[in-house]
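Heads up, structure.tsv below (TSV, C-alpha atoms and all ligand atoms):
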chain	number	residue	atom	x	y	z
A	1	MET	CA	-14.39	7.96	-52.30
A	2	GLU	CA	-12.83	10.04	-49.60
A	3	TYR	CA	-9.04	10.13	-49.19
A	4	LYS	CA	-7.05	10.87	-46.04
A	5	ILE	CA	-3.42	11.93	-45.67
A	6	CYS	CA	-1.49	9.10	-44.03
A	7	GLY	CA	0.33	10.31	-40.91
A	8	ASN	CA	2.95	13.03	-41.44
A	9	THR	CA	3.44	12.16	-45.12
A	10	GLY	CA	1.94	13.51	-48.31
A	11	LEU	CA	0.36	10.20	-49.27
A	12	LYS	CA	-3.42	10.08	-49.45
A	13	LEU	CA	-5.16	6.76	-48.94
A	14	PRO	CA	-8.80	5.88	-49.62
A	15	VAL	CA	-10.73	5.49	-46.36
A	16	LEU	CA	-11.76	2.03	-47.60
A	17	SER	CA	-9.12	-0.22	-49.17
A	18	LEU	CA	-9.27	-3.77	-50.50
A	19	GLY	CA	-7.29	-6.67	-49.05
A	20	LEU	CA	-6.47	-9.88	-50.91
A	21	TRP	CA	-5.92	-12.24	-47.96
A	22	HIS	CA	-8.86	-14.53	-48.83
A	23	ASN	CA	-10.68	-15.15	-52.14
A	24	PHE	CA	-7.87	-14.16	-54.53
A	25	GLY	CA	-5.78	-17.33	-54.54
A	26	GLU	CA	-5.23	-19.98	-57.17
A	27	THR	CA	-8.06	-22.08	-55.71
A	28	ASP	CA	-10.53	-19.18	-56.04
A	29	ASP	CA	-12.52	-18.12	-59.10
A	30	PHE	CA	-10.18	-15.90	-61.13
A	31	GLU	CA	-12.99	-14.06	-62.92
A	32	ASN	CA	-14.60	-13.20	-59.58
A	33	SER	CA	-11.26	-11.89	-58.27
A	34	ARG	CA	-10.81	-9.83	-61.42
A	35	GLN	CA	-14.27	-8.32	-61.15
A	36	MET	CA	-13.78	-7.39	-57.50
A	37	ILE	CA	-10.46	-5.63	-58.13
A	38	CYS	CA	-11.74	-3.73	-61.17
A	39	TYR	CA	-15.03	-2.80	-59.48
A	40	ALA	CA	-13.21	-1.45	-56.44
A	41	PHE	CA	-10.64	0.49	-58.46
A	42	ASP	CA	-13.34	2.02	-60.66
A	43	ARG	CA	-14.97	3.38	-57.48
A	44	GLY	CA	-11.85	5.02	-56.13
A	45	VAL	CA	-10.47	2.21	-54.00
A	46	THR	CA	-6.87	2.93	-54.94
A	47	TYR	CA	-5.14	0.86	-52.25
A	48	PHE	CA	-4.72	-2.93	-52.62
A	49	ASP	CA	-3.17	-4.80	-49.72
A	50	LEU	CA	-1.17	-7.98	-50.30
A	51	ALA	CA	1.32	-10.10	-48.38
A	52	ASN	CA	3.75	-12.80	-49.44
A	53	ASN	CA	1.60	-15.53	-47.85
A	54	TYR	CA	-1.88	-14.50	-49.11
A	55	GLY	CA	-3.88	-16.99	-51.14
A	56	THR	CA	-4.04	-20.76	-51.33
A	57	PRO	CA	-1.39	-21.85	-52.07
A	58	GLN	CA	0.60	-19.10	-50.36
A	59	GLY	CA	1.84	-16.48	-52.80
A	60	SER	CA	-0.96	-17.06	-55.28
A	61	ALA	CA	-2.87	-13.86	-54.36
A	62	GLU	CA	0.18	-11.88	-55.51
A	63	GLU	CA	0.20	-13.88	-58.76
A	64	THR	CA	-3.54	-13.28	-59.32
A	65	PHE	CA	-3.13	-9.57	-58.66
A	66	GLY	CA	-0.08	-9.39	-60.97
A	67	LEU	CA	-2.00	-11.04	-63.79
A	68	ILE	CA	-5.01	-8.72	-63.45
A	69	LEU	CA	-2.71	-5.72	-63.27
A	70	LYS	CA	-0.85	-6.79	-66.41
A	71	ARG	CA	-4.00	-7.54	-68.38
A	72	GLU	CA	-6.18	-4.59	-67.37
A	73	LEU	CA	-4.74	-2.03	-65.04
A	74	LEU	CA	-1.12	-1.45	-65.99
A	75	ALA	CA	-1.94	1.92	-67.55
A	76	HIS	CA	-3.25	2.93	-64.11
A	77	ARG	CA	-0.21	1.84	-62.07
A	78	ASP	CA	0.51	5.41	-60.98
A	79	GLU	CA	-3.05	5.77	-59.68
A	80	MET	CA	-2.65	2.76	-57.38
A	81	ILE	CA	-1.11	2.00	-54.02
A	82	ILE	CA	-0.01	-1.63	-53.76
A	83	SER	CA	1.50	-3.14	-50.64
A	84	SER	CA	3.06	-6.40	-49.61
A	85	LYS	CA	4.46	-7.79	-46.36
A	86	ALA	CA	6.78	-10.40	-44.94
A	87	GLY	CA	6.90	-11.73	-41.42
A	88	HIS	CA	4.81	-14.87	-41.16
A	89	MET	CA	5.83	-18.37	-42.19
A	90	MET	CA	6.29	-18.49	-45.96
A	91	TRP	CA	8.77	-21.21	-46.83
A	92	GLU	CA	10.46	-24.12	-45.13
A	93	GLY	CA	13.79	-23.82	-43.39
A	94	PRO	CA	15.24	-21.11	-41.16
A	95	TYR	CA	14.96	-18.17	-43.64
A	96	GLY	CA	11.26	-18.13	-44.55
A	97	ASP	CA	9.74	-16.72	-41.36
A	98	GLY	CA	10.26	-13.87	-38.88
A	99	GLY	CA	12.07	-10.57	-39.19
A	100	SER	CA	15.62	-11.32	-40.33
A	101	ARG	CA	17.26	-9.25	-43.05
A	102	LYS	CA	17.73	-12.47	-45.02
A	103	TYR	CA	13.98	-13.23	-44.98
A	104	LEU	CA	12.73	-9.71	-45.73
A	105	MET	CA	15.16	-9.15	-48.62
A	106	ALA	CA	14.48	-12.56	-50.20
A	107	SER	CA	10.74	-12.19	-49.68
A	108	ILE	CA	10.33	-8.79	-51.30
A	109	ASN	CA	12.26	-10.03	-54.33
A	110	GLN	CA	9.89	-12.99	-54.59
A	111	SER	CA	6.83	-10.76	-54.16
A	112	LEU	CA	8.04	-8.37	-56.88
A	113	LYS	CA	8.51	-11.34	-59.20
A	114	ARG	CA	5.06	-12.82	-58.43
A	115	THR	CA	3.27	-9.51	-59.00
A	116	GLY	CA	5.48	-8.42	-61.90
A	117	LEU	CA	5.89	-5.03	-60.21
A	118	ASP	CA	9.06	-2.91	-60.27
A	119	TYR	CA	8.34	-1.66	-56.77
A	120	PHE	CA	5.73	-1.77	-54.00
A	121	ASP	CA	4.23	1.44	-52.73
A	122	ILE	CA	4.28	0.14	-49.17
A	123	PHE	CA	6.23	-2.77	-47.69
A	124	TYR	CA	5.42	-3.94	-44.15
A	125	SER	CA	7.13	-5.99	-41.53
A	126	HIS	CA	4.09	-8.26	-41.04
A	127	ARG	CA	4.76	-8.93	-37.35
A	128	TYR	CA	7.30	-8.25	-34.65
A	129	ASP	CA	9.79	-11.10	-34.35
A	130	PRO	CA	11.26	-11.23	-30.83
A	131	GLU	CA	14.03	-13.56	-32.08
A	132	THR	CA	15.47	-10.89	-34.38
A	133	PRO	CA	17.01	-7.66	-33.05
A	134	LEU	CA	14.60	-4.85	-33.90
A	135	GLU	CA	17.47	-2.89	-35.51
A	136	GLU	CA	17.99	-5.69	-38.04
A	137	THR	CA	14.37	-5.71	-39.20
A	138	ILE	CA	14.18	-1.93	-39.31
A	139	MET	CA	17.48	-1.56	-41.20
A	140	ALA	CA	16.21	-4.10	-43.75
A	141	LEU	CA	13.06	-1.96	-44.25
A	142	ILE	CA	15.21	1.17	-44.65
A	143	ASP	CA	17.45	-0.54	-47.21
A	144	ILE	CA	14.40	-1.78	-49.12
A	145	VAL	CA	13.37	1.86	-49.58
A	146	LYS	CA	16.94	2.92	-50.45
A	147	GLN	CA	17.12	0.16	-53.07
A	148	GLY	CA	13.92	1.48	-54.66
A	149	LYS	CA	11.97	-1.71	-53.98
A	150	ALA	CA	9.34	0.14	-51.93
A	151	LEU	CA	8.40	3.81	-51.62
A	152	TYR	CA	7.20	3.65	-48.01
A	153	VAL	CA	7.40	1.17	-45.17
A	154	GLY	CA	5.10	0.14	-42.37
A	155	ILE	CA	4.82	-2.24	-39.46
A	156	SER	CA	2.00	-4.54	-38.48
A	157	LYS	CA	0.74	-5.88	-35.14
A	158	TYR	CA	3.84	-4.70	-33.23
A	159	PRO	CA	3.27	-4.35	-29.46
A	160	PRO	CA	3.06	-0.65	-28.49
A	161	GLU	CA	6.45	-0.39	-26.77
A	162	VAL	CA	8.29	-2.02	-29.71
A	163	ALA	CA	6.25	0.00	-32.20
A	164	LEU	CA	7.45	3.22	-30.59
A	165	LYS	CA	11.10	2.13	-30.85
A	166	ALA	CA	10.57	1.15	-34.50
A	167	LEU	CA	8.94	4.50	-35.34
A	168	VAL	CA	11.79	6.45	-33.72
A	169	MET	CA	14.45	4.35	-35.46
A	170	LEU	CA	12.80	4.78	-38.85
A	171	ARG	CA	12.40	8.53	-38.37
A	172	GLU	CA	16.03	8.97	-37.25
A	173	ASN	CA	17.11	7.18	-40.41
A	174	LYS	CA	14.99	9.51	-42.56
A	175	VAL	CA	12.59	6.75	-43.66
A	176	PRO	CA	9.56	7.63	-41.53
A	177	CYS	CA	7.04	4.87	-40.91
A	178	LEU	CA	4.05	5.51	-43.16
A	179	ALA	CA	1.55	3.37	-41.28
A	180	TYR	CA	0.88	0.79	-38.64
A	181	GLN	CA	-1.51	-2.02	-39.61
A	182	GLY	CA	-3.64	-3.39	-36.79
A	183	ARG	CA	-6.84	-5.37	-36.27
A	184	TYR	CA	-9.73	-3.01	-35.59
A	185	SER	CA	-13.46	-3.64	-35.49
A	186	MET	CA	-16.36	-3.28	-33.09
A	187	LEU	CA	-15.36	-6.74	-31.80
A	188	SER	CA	-11.57	-6.03	-31.57
A	189	ARG	CA	-10.81	-2.70	-29.96
A	190	GLU	CA	-7.40	-3.40	-28.39
A	191	VAL	CA	-5.62	-0.73	-30.48
A	192	GLU	CA	-7.75	2.03	-28.94
A	193	SER	CA	-5.92	2.08	-25.60
A	194	HIS	CA	-2.26	2.43	-26.64
A	195	ILE	CA	-1.62	2.10	-30.37
A	196	LEU	CA	-3.97	4.79	-31.70
A	197	PRO	CA	-2.82	7.52	-29.26
A	198	LEU	CA	0.82	6.56	-29.87
A	199	LEU	CA	0.46	6.81	-33.65
A	200	GLN	CA	-1.26	10.16	-33.38
A	201	GLN	CA	1.53	11.47	-31.18
A	202	GLU	CA	4.22	10.14	-33.55
A	203	GLY	CA	2.54	11.27	-36.79
A	204	CYS	CA	2.13	7.76	-38.19
A	205	GLY	CA	-0.98	6.57	-40.04
A	206	PHE	CA	-3.20	3.76	-38.80
A	207	ILE	CA	-4.60	1.23	-41.25
A	208	GLY	CA	-7.17	-1.11	-39.73
A	209	PHE	CA	-7.77	-4.64	-40.95
A	210	SER	CA	-10.63	-7.15	-40.60
A	211	PRO	CA	-13.22	-4.39	-39.93
A	212	LEU	CA	-16.02	-6.96	-40.18
A	213	ALA	CA	-14.16	-9.41	-37.92
A	214	GLN	CA	-13.72	-11.63	-41.00
A	215	GLY	CA	-17.41	-11.42	-41.85
A	216	LEU	CA	-18.89	-11.96	-38.37
A	217	LEU	CA	-20.11	-8.35	-38.38
A	218	SER	CA	-22.49	-8.93	-41.29
A	219	ASP	CA	-25.72	-10.78	-41.90
A	220	ARG	CA	-23.70	-13.89	-42.91
A	221	TYR	CA	-23.86	-15.79	-39.62
A	222	LEU	CA	-27.12	-14.63	-38.03
A	223	THR	CA	-28.89	-17.93	-38.67
A	224	GLY	CA	-26.13	-20.47	-39.19
A	225	ILE	CA	-22.97	-20.95	-41.25
A	226	PRO	CA	-23.52	-20.58	-45.01
A	227	LEU	CA	-21.69	-23.18	-47.10
A	228	ASP	CA	-19.86	-20.57	-49.18
A	229	SER	CA	-18.68	-18.52	-46.18
A	230	ARG	CA	-15.17	-18.13	-44.83
A	231	ALA	CA	-16.09	-20.06	-41.69
A	232	ALA	CA	-17.18	-23.04	-43.81
A	233	LYS	CA	-14.06	-23.12	-45.98
A	234	VAL	CA	-11.18	-25.47	-45.17
A	235	ASN	CA	-8.59	-22.76	-45.74
A	236	GLY	CA	-10.55	-19.96	-44.08
A	237	TYR	CA	-8.92	-18.32	-41.08
A	238	LEU	CA	-12.31	-17.88	-39.38
A	239	LYS	CA	-13.22	-21.03	-37.48
A	240	LYS	CA	-16.71	-22.41	-36.87
A	241	GLU	CA	-15.97	-22.63	-33.13
A	242	GLN	CA	-15.68	-18.82	-33.00
A	243	ILE	CA	-19.37	-18.49	-33.84
A	244	THR	CA	-20.80	-19.14	-30.39
A	245	GLU	CA	-24.40	-18.69	-29.24
A	246	ASP	CA	-23.41	-15.64	-27.16
A	247	LEU	CA	-21.72	-14.01	-30.13
A	248	THR	CA	-24.71	-14.72	-32.39
A	249	LEU	CA	-26.93	-12.97	-29.86
A	250	VAL	CA	-24.64	-9.92	-29.93
A	251	LEU	CA	-24.67	-9.92	-33.74
A	252	LYS	CA	-28.46	-10.16	-33.84
A	253	LYS	CA	-28.79	-7.14	-31.53
A	254	MET	CA	-26.30	-5.21	-33.64
A	255	ASN	CA	-28.23	-6.16	-36.75
A	256	LEU	CA	-31.44	-4.69	-35.30
A	257	LEU	CA	-29.67	-1.41	-34.58
A	258	ALA	CA	-28.21	-1.37	-38.09
A	259	GLN	CA	-31.70	-1.86	-39.53
A	260	GLU	CA	-32.98	1.07	-37.47
A	261	ARG	CA	-30.20	3.17	-39.00
A	262	GLY	CA	-31.23	2.03	-42.48
A	263	GLN	CA	-27.97	0.10	-42.91
A	264	THR	CA	-26.84	-3.50	-43.18
A	265	LEU	CA	-24.79	-4.76	-40.24
A	266	ALA	CA	-21.65	-4.73	-42.42
A	267	GLN	CA	-22.30	-1.10	-43.35
A	268	MET	CA	-22.84	-0.08	-39.73
A	269	ALA	CA	-19.66	-1.87	-38.64
A	270	LEU	CA	-17.71	0.06	-41.29
A	271	SER	CA	-19.41	3.39	-40.54
A	272	TRP	CA	-18.48	2.93	-36.89
A	273	ILE	CA	-14.79	2.79	-37.92
A	274	LEU	CA	-15.05	5.48	-40.58
A	275	LYS	CA	-16.20	8.02	-37.97
A	276	ASN	CA	-12.88	7.62	-36.10
A	277	ASN	CA	-10.44	10.38	-37.12
A	278	LEU	CA	-7.46	8.36	-35.91
A	279	VAL	CA	-8.03	5.73	-38.60
A	280	THR	CA	-6.49	6.58	-41.98
A	281	SER	CA	-7.86	3.64	-43.95
A	282	THR	CA	-9.70	0.40	-43.29
A	283	ILE	CA	-8.92	-2.68	-45.36
A	284	ILE	CA	-11.98	-4.69	-46.19
A	285	GLY	CA	-12.07	-8.21	-47.56
A	286	ALA	CA	-14.76	-9.52	-49.88
A	287	SER	CA	-15.90	-12.62	-51.73
A	288	SER	CA	-18.12	-10.85	-54.28
A	289	VAL	CA	-18.67	-7.57	-56.09
A	290	ASP	CA	-22.02	-7.28	-54.28
A	291	GLN	CA	-20.26	-7.21	-50.92
A	292	ILE	CA	-17.91	-4.44	-52.06
A	293	GLN	CA	-20.87	-2.49	-53.43
A	294	ASN	CA	-22.72	-2.92	-50.14
A	295	ASN	CA	-19.68	-1.92	-48.09
A	296	LEU	CA	-18.93	1.24	-50.06
A	297	GLN	CA	-22.42	2.49	-49.13
A	298	ALA	CA	-21.20	2.76	-45.53
A	299	LEU	CA	-19.58	6.07	-46.51
A	300	LYS	CA	-23.04	7.61	-46.88
A	301	ASN	CA	-23.81	7.56	-43.18
A	302	ILE	CA	-20.97	7.82	-40.70
A	303	GLU	CA	-22.83	9.84	-38.07
A	304	PHE	CA	-23.88	8.10	-34.85
A	305	SER	CA	-26.12	9.64	-32.21
A	306	SER	CA	-24.91	9.40	-28.62
A	307	GLU	CA	-27.86	7.08	-27.97
A	308	GLU	CA	-26.76	4.73	-30.78
A	309	LEU	CA	-23.20	4.71	-29.46
A	310	SER	CA	-24.35	3.82	-25.97
A	311	ILE	CA	-26.55	1.01	-27.36
A	312	ILE	CA	-23.51	-0.35	-29.20
A	313	GLN	CA	-21.44	-0.08	-26.04
A	314	SER	CA	-24.01	-1.94	-23.99
A	315	ILE	CA	-24.43	-4.70	-26.63
A	316	LEU	CA	-20.64	-5.14	-26.71
A	317	SER	CA	-20.38	-5.37	-22.96
A	318	ASP	CA	-22.74	-8.39	-23.15
A	319	GLU	CA	-20.27	-10.12	-25.48
B	401	LIG	P1	-13.22	-8.26	-43.17
B	401	LIG	O1	-13.33	-8.21	-41.70
B	401	LIG	O2	-13.77	-7.12	-43.97
B	401	LIG	O3	-13.87	-9.64	-43.65
B	401	LIG	C1	-14.08	-9.90	-45.01
B	401	LIG	C2	-15.15	-10.99	-45.16
B	401	LIG	O4	-16.38	-10.52	-44.65
B	401	LIG	C3	-15.41	-11.33	-46.61
B	401	LIG	O5	-14.52	-12.28	-47.11
B	401	LIG	C4	-16.83	-11.83	-46.55
B	401	LIG	O6	-16.86	-13.16	-46.04
B	401	LIG	C5	-17.44	-10.97	-45.46
B	401	LIG	N1	-18.12	-9.77	-46.02
B	401	LIG	C6	-17.55	-8.66	-46.55
B	401	LIG	N2	-18.48	-7.77	-46.90
B	401	LIG	C7	-19.68	-8.32	-46.60
B	401	LIG	C8	-21.01	-7.89	-46.75
B	401	LIG	N3	-21.30	-6.70	-47.25
B	401	LIG	N4	-22.00	-8.71	-46.34
B	401	LIG	C9	-21.73	-9.94	-45.83
B	401	LIG	N5	-20.47	-10.40	-45.66
B	401	LIG	C10	-19.45	-9.60	-46.05
B	401	LIG	O7	-11.70	-8.31	-43.59
B	401	LIG	P2	-10.60	-9.49	-43.73
B	401	LIG	O8	-10.55	-10.30	-42.49
B	401	LIG	O9	-10.82	-10.17	-45.03
B	401	LIG	O10	-9.28	-8.62	-43.81
B	401	LIG	C11	-9.18	-7.59	-44.78
B	401	LIG	C12	-7.77	-7.39	-45.19
B	401	LIG	O11	-6.99	-6.92	-44.10
B	401	LIG	C13	-7.03	-8.65	-45.66
B	401	LIG	O12	-7.37	-9.00	-46.99
B	401	LIG	C14	-5.61	-8.19	-45.54
B	401	LIG	O13	-5.27	-7.38	-46.64
B	401	LIG	C15	-5.64	-7.33	-44.27
B	401	LIG	N6	-5.20	-8.10	-43.10
B	401	LIG	C16	-3.98	-7.81	-42.55
B	401	LIG	C17	-3.49	-8.54	-41.50
B	401	LIG	C18	-2.15	-8.21	-40.92
B	401	LIG	O14	-1.61	-9.03	-40.17
B	401	LIG	N7	-1.58	-7.08	-41.20
B	401	LIG	C19	-4.25	-9.66	-40.90
B	401	LIG	C20	-5.55	-9.85	-41.51
B	401	LIG	C21	-6.00	-9.09	-42.56
B	401	LIG	P3	-17.16	-14.41	-46.97
B	401	LIG	O15	-15.87	-14.69	-47.64
B	401	LIG	O16	-17.56	-15.45	-45.98
B	401	LIG	O17	-18.25	-14.03	-47.91
Whole structure given in C-alpha cells:
Amino acid sequence: MEYKICGNTGLKLPVLSLGLWHNFGETDDFENSRQMICYAFDRGVTYFDLANNYGTPQGSAEETFGLILKRELLAHRDEMIISSKAGHMMWEGPYGDGGSRKYLMASINQSLKRTGLDYFDIFYSHRYDPETPLEETIMALIDIVKQGKALYVGISKYPPEVALKALVMLRENKVPCLAYQGRYSMLSREVESHILPLLQQEGCGFIGFSPLAQGLLSDRYLTGIPLDSRAAKVNGYLKKEQITEDLTLVLKKMNLLAQERGQTLAQMALSWILKNNLVTSTIIGASSVDQIQNNLQALKNIEFSSEELSIIQSILSDE
C-alpha cells in the first residue's frame, strides 16, 4: 500500500480506504463483513470510513465494526484510522438531522458507544446544513476535538464557497480541517473545477468517495442487473433506473479500454483516480473479499497514455 500525507498535516492515509456504507449492516452477512475488514487491514488499508447512518438499520455498520474491532483488531487500534460523520437524517424529531451543535454532540456520543471506541480519528460534518449558522457547526467540530472525542475533523459535500469559509474558520481556531470528502469518479467529476483547486490552495486533503459510481464502473452491470448487486437490493442507494441503455454503452466502451490495458473496468476506474495528485485517498466499497482483492491490484498500473486519456474523454462525452 502507498500512503499519502493528508493536506498540511502529518497524517498519512492509504491511497485506497474502505467504506462501510453498504454491506456491513445488521441485515448483511457478519462473517463476510469480518473477512472484508480483516483482509483489507492485512493489506495496509488502514483507514475505515463510517457514519452514524451507515448500515440497515441505520447505525448497525458502526456496531458491526465495533464488534470486529473488539474481537480481532483491538491490539491494532493505533495502526488504524477510523472515522464517523453526522449530518444526514438519523433519528426522528428536530435534533437528529442537519448541522446543529445539539445533533453533532449527541451523534458522536452515540457513534462512540456503538463502536466501543474512546475516540474517532476523524469526525466529519456529513453535509452543509443551510438552516444552521456555519459557525455553530464548525464550533461543534472544534469542541469535539478539544473534548478528545476526535483527533481531526473534516467536512463533506460542502459547496465550494461555504467550504472555504469553513476551512478558514477551522484554521483560525487552530483545528485545521484535515480533509474534504467528495464524490469523485470517472462519471462524477464536479469536484475538479472548484473543490480540488481550493483544497490544494488551502492545504486540505481530498478524500474521494464512490470511485466506482457505486459499482457502475465495473463489470457488474454490462449485461443486466445481477440479483446480488446493490442496484437489485431494496436498501441499495443505487437505483435500477440509473442503469440506462446510454450508460451501459459507455460502460461497455470503457470495459474494452480496460481490457486493452490488462485491467478490469473497476481497476481502471480506480487507477484513473489514483493518478491524480490532488486526491489523498479514495474510499472504496465492496461486497466481497474478491472485490477488494481485485481493486487493490489497481495500484499496479496507474499510468495512462495521452491516447488512453483522450479515448476516456471521448467516451465520457458520449454519456
Ligand atoms: P464504490 O463506488 O467503490 O462502490 C462500491 C460497490 O461497487 C460495491 O458495493 C460493489 O457493488 C461494487 N464493486 C466494488 N468493487 C468491485 C469489483 N472489483 N468488481 C465489481 N464490482 C465491484 O463506493 P461506495 O459507493 O460504496 O462508497 C464507498 C464509501 O464512500 C462508502 O462506504 C462511504 O464510506 C463513503 N461515502 C461517503 C459519502 C459522503 O457523503 N461523505 C457518500 C457515499 C459514500 P455490489 O455491492 O453490487 O457488489
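Distances to Ala150 (chain A) were evaluated for A:Leu251, A:Ile195, A:Val162, A:Ile81 using all atoms listed in the file, and the minimum falls at A:Ile81.
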Within 6 Å of region 57-74 of chain A using all atoms listed in the file, minus same-chain residues under 6 positions, as a ChimeraX atom specification: /A:24-26,114-116
Near-ligand residues for ligand LIG 401 (chain B), threshold 8 Å, all atoms listed in the file, as a PyMOL selection string: chain A and resi 18-23+48-51+85+126-127+156-157+181-183+185+208-220+226+228-232+264-267+282-288+290-295
Suppose we keep C-alpha atoms; can you now write the selection as a compact mmCIF listing (two decimals), keeping the file's coordinate frame?
# COMPACT_ATOMS: atom_id res chain seq x y z
CA LEU A 18 -9.27 -3.77 -50.50
CA GLY A 19 -7.29 -6.67 -49.05
CA LEU A 20 -6.47 -9.88 -50.91
CA TRP A 21 -5.92 -12.24 -47.96
CA HIS A 22 -8.86 -14.53 -48.83
CA ASN A 23 -10.68 -15.15 -52.14
CA PHE A 48 -4.72 -2.93 -52.62
CA ASP A 49 -3.17 -4.80 -49.72
CA LEU A 50 -1.17 -7.98 -50.30
CA ALA A 51 1.32 -10.10 -48.38
CA LYS A 85 4.46 -7.79 -46.36
CA HIS A 126 4.09 -8.26 -41.04
CA ARG A 127 4.76 -8.93 -37.35
CA SER A 156 2.00 -4.54 -38.48
CA LYS A 157 0.74 -5.88 -35.14
CA GLN A 181 -1.51 -2.02 -39.61
CA GLY A 182 -3.64 -3.39 -36.79
CA ARG A 183 -6.84 -5.37 -36.27
CA SER A 185 -13.46 -3.64 -35.49
CA GLY A 208 -7.17 -1.11 -39.73
CA PHE A 209 -7.77 -4.64 -40.95
CA SER A 210 -10.63 -7.15 -40.60
CA PRO A 211 -13.22 -4.39 -39.93
CA LEU A 212 -16.02 -6.96 -40.18
CA ALA A 213 -14.16 -9.41 -37.92
CA GLN A 214 -13.72 -11.63 -41.00
CA GLY A 215 -17.41 -11.42 -41.85
CA LEU A 216 -18.89 -11.96 -38.37
CA LEU A 217 -20.11 -8.35 -38.38
CA SER A 218 -22.49 -8.93 -41.29
CA ASP A 219 -25.72 -10.78 -41.90
CA ARG A 220 -23.70 -13.89 -42.91
CA PRO A 226 -23.52 -20.58 -45.01
CA ASP A 228 -19.86 -20.57 -49.18
CA SER A 229 -18.68 -18.52 -46.18
CA ARG A 230 -15.17 -18.13 -44.83
CA ALA A 231 -16.09 -20.06 -41.69
CA ALA A 232 -17.18 -23.04 -43.81
CA THR A 264 -26.84 -3.50 -43.18
CA LEU A 265 -24.79 -4.76 -40.24
CA ALA A 266 -21.65 -4.73 -42.42
CA GLN A 267 -22.30 -1.10 -43.35
CA THR A 282 -9.70 0.40 -43.29
CA ILE A 283 -8.92 -2.68 -45.36
CA ILE A 284 -11.98 -4.69 -46.19
CA GLY A 285 -12.07 -8.21 -47.56
CA ALA A 286 -14.76 -9.52 -49.88
CA SER A 287 -15.90 -12.62 -51.73
CA SER A 288 -18.12 -10.85 -54.28
CA ASP A 290 -22.02 -7.28 -54.28
CA GLN A 291 -20.26 -7.21 -50.92
CA ILE A 292 -17.91 -4.44 -52.06
CA GLN A 293 -20.87 -2.49 -53.43
CA ASN A 294 -22.72 -2.92 -50.14
CA ASN A 295 -19.68 -1.92 -48.09
Selected residue, from A:Ile144, A:Val45, A:Cys38, A:Leu257, that lies nearest to Ser305 (chain A) when counting all atoms listed in the file: A:Leu257
Protein and nucleic acid residues near (-16.0, 5.6, -43.3) (cut-off 12 Å, all atoms listed in the file) as an NGL selection string: :A and (1-4 or 14-17 or 208 or 211 or 266-284 or 295-304)
Put those residues in a file: C-alpha atoms, as a JSON list (two decimals), keeping the file's coordinate frame.
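Listed below is the output, out_22.json:
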[["chain", "number", "residue", "atom", "x", "y", "z"],
["A", 1, "MET", "CA", -14.39, 7.96, -52.30],
["A", 2, "GLU", "CA", -12.83, 10.04, -49.60],
["A", 3, "TYR", "CA", -9.04, 10.13, -49.19],
["A", 4, "LYS", "CA", -7.05, 10.87, -46.04],
["A", 14, "PRO", "CA", -8.80, 5.88, -49.62],
["A", 15, "VAL", "CA", -10.73, 5.49, -46.36],
["A", 16, "LEU", "CA", -11.76, 2.03, -47.60],
["A", 17, "SER", "CA", -9.12, -0.22, -49.17],
["A", 208, "GLY", "CA", -7.17, -1.11, -39.73],
["A", 211, "PRO", "CA", -13.22, -4.39, -39.93],
["A", 266, "ALA", "CA", -21.65, -4.73, -42.42],
["A", 267, "GLN", "CA", -22.30, -1.10, -43.35],
["A", 268, "MET", "CA", -22.84, -0.08, -39.73],
["A", 269, "ALA", "CA", -19.66, -1.87, -38.64],
["A", 270, "LEU", "CA", -17.71, 0.06, -41.29],
["A", 271, "SER", "CA", -19.41, 3.39, -40.54],
["A", 272, "TRP", "CA", -18.48, 2.93, -36.89],
["A", 273, "ILE", "CA", -14.79, 2.79, -37.92],
["A", 274, "LEU", "CA", -15.05, 5.48, -40.58],
["A", 275, "LYS", "CA", -16.20, 8.02, -37.97],
["A", 276, "ASN", "CA", -12.88, 7.62, -36.10],
["A", 277, "ASN", "CA", -10.44, 10.38, -37.12],
["A", 278, "LEU", "CA", -7.46, 8.36, -35.91],
["A", 279, "VAL", "CA", -8.03, 5.73, -38.60],
["A", 280, "THR", "CA", -6.49, 6.58, -41.98],
["A", 281, "SER", "CA", -7.86, 3.64, -43.95],
["A", 282, "THR", "CA", -9.70, 0.40, -43.29],
["A", 283, "ILE", "CA", -8.92, -2.68, -45.36],
["A", 284, "ILE", "CA", -11.98, -4.69, -46.19],
["A", 295, "ASN", "CA", -19.68, -1.92, -48.09],
["A", 296, "LEU", "CA", -18.93, 1.24, -50.06],
["A", 297, "GLN", "CA", -22.42, 2.49, -49.13],
["A", 298, "ALA", "CA", -21.20, 2.76, -45.53],
["A", 299, "LEU", "CA", -19.58, 6.07, -46.51],
["A", 300, "LYS", "CA", -23.04, 7.61, -46.88],
["A", 301, "ASN", "CA", -23.81, 7.56, -43.18],
["A", 302, "ILE", "CA", -20.97, 7.82, -40.70],
["A", 303, "GLU", "CA", -22.83, 9.84, -38.07],
["A", 304, "PHE", "CA", -23.88, 8.10, -34.85]]
Neighbours of point (-1.1, 7.2, -31.9) within 12 Å, using all atoms listed in the file, written as a PyMOL selection string: chain A and resi 7-8+160-161+163-164+167+179-180+182+191-207+277-280
CA of Ile138 (chain A) to CA of Gly99 (chain A), distance in Å rounded to a single decimal: 8.9 Å
Selection near Ile315 (chain A), 12 Å with all atoms listed in the file, sequence-local residues under 3 positions removed, as an MDAnalysis selection string: chainID A and resid 186:187 246:257 308:312 318:319
From A:Glu136, A:Tyr184, A:Ser314, A:Glu190, residue lying nearest Met169 (chain A) [only C-alpha atoms]: A:Glu136
N, CA and C atoms for region 46-50 of chain A, written as a CSV table (one decimal), in the frame of the given file, could you do that?
chain,number,residue,atom,x,y,z
A,46,THR,N,-8.2,2.9,-54.3
A,46,THR,CA,-6.9,2.9,-54.9
A,46,THR,C,-5.8,2.1,-54.2
A,47,TYR,N,-6.1,1.6,-53.0
A,47,TYR,CA,-5.1,0.9,-52.2
A,47,TYR,C,-5.5,-0.6,-52.2
A,48,PHE,N,-4.6,-1.5,-52.6
A,48,PHE,CA,-4.7,-2.9,-52.6
A,48,PHE,C,-3.6,-3.5,-51.7
A,49,ASP,N,-4.1,-4.3,-50.7
A,49,ASP,CA,-3.2,-4.8,-49.7
A,49,ASP,C,-2.9,-6.3,-49.9
A,50,LEU,N,-1.6,-6.6,-50.1
A,50,LEU,CA,-1.2,-8.0,-50.3
A,50,LEU,C,-0.2,-8.4,-49.2
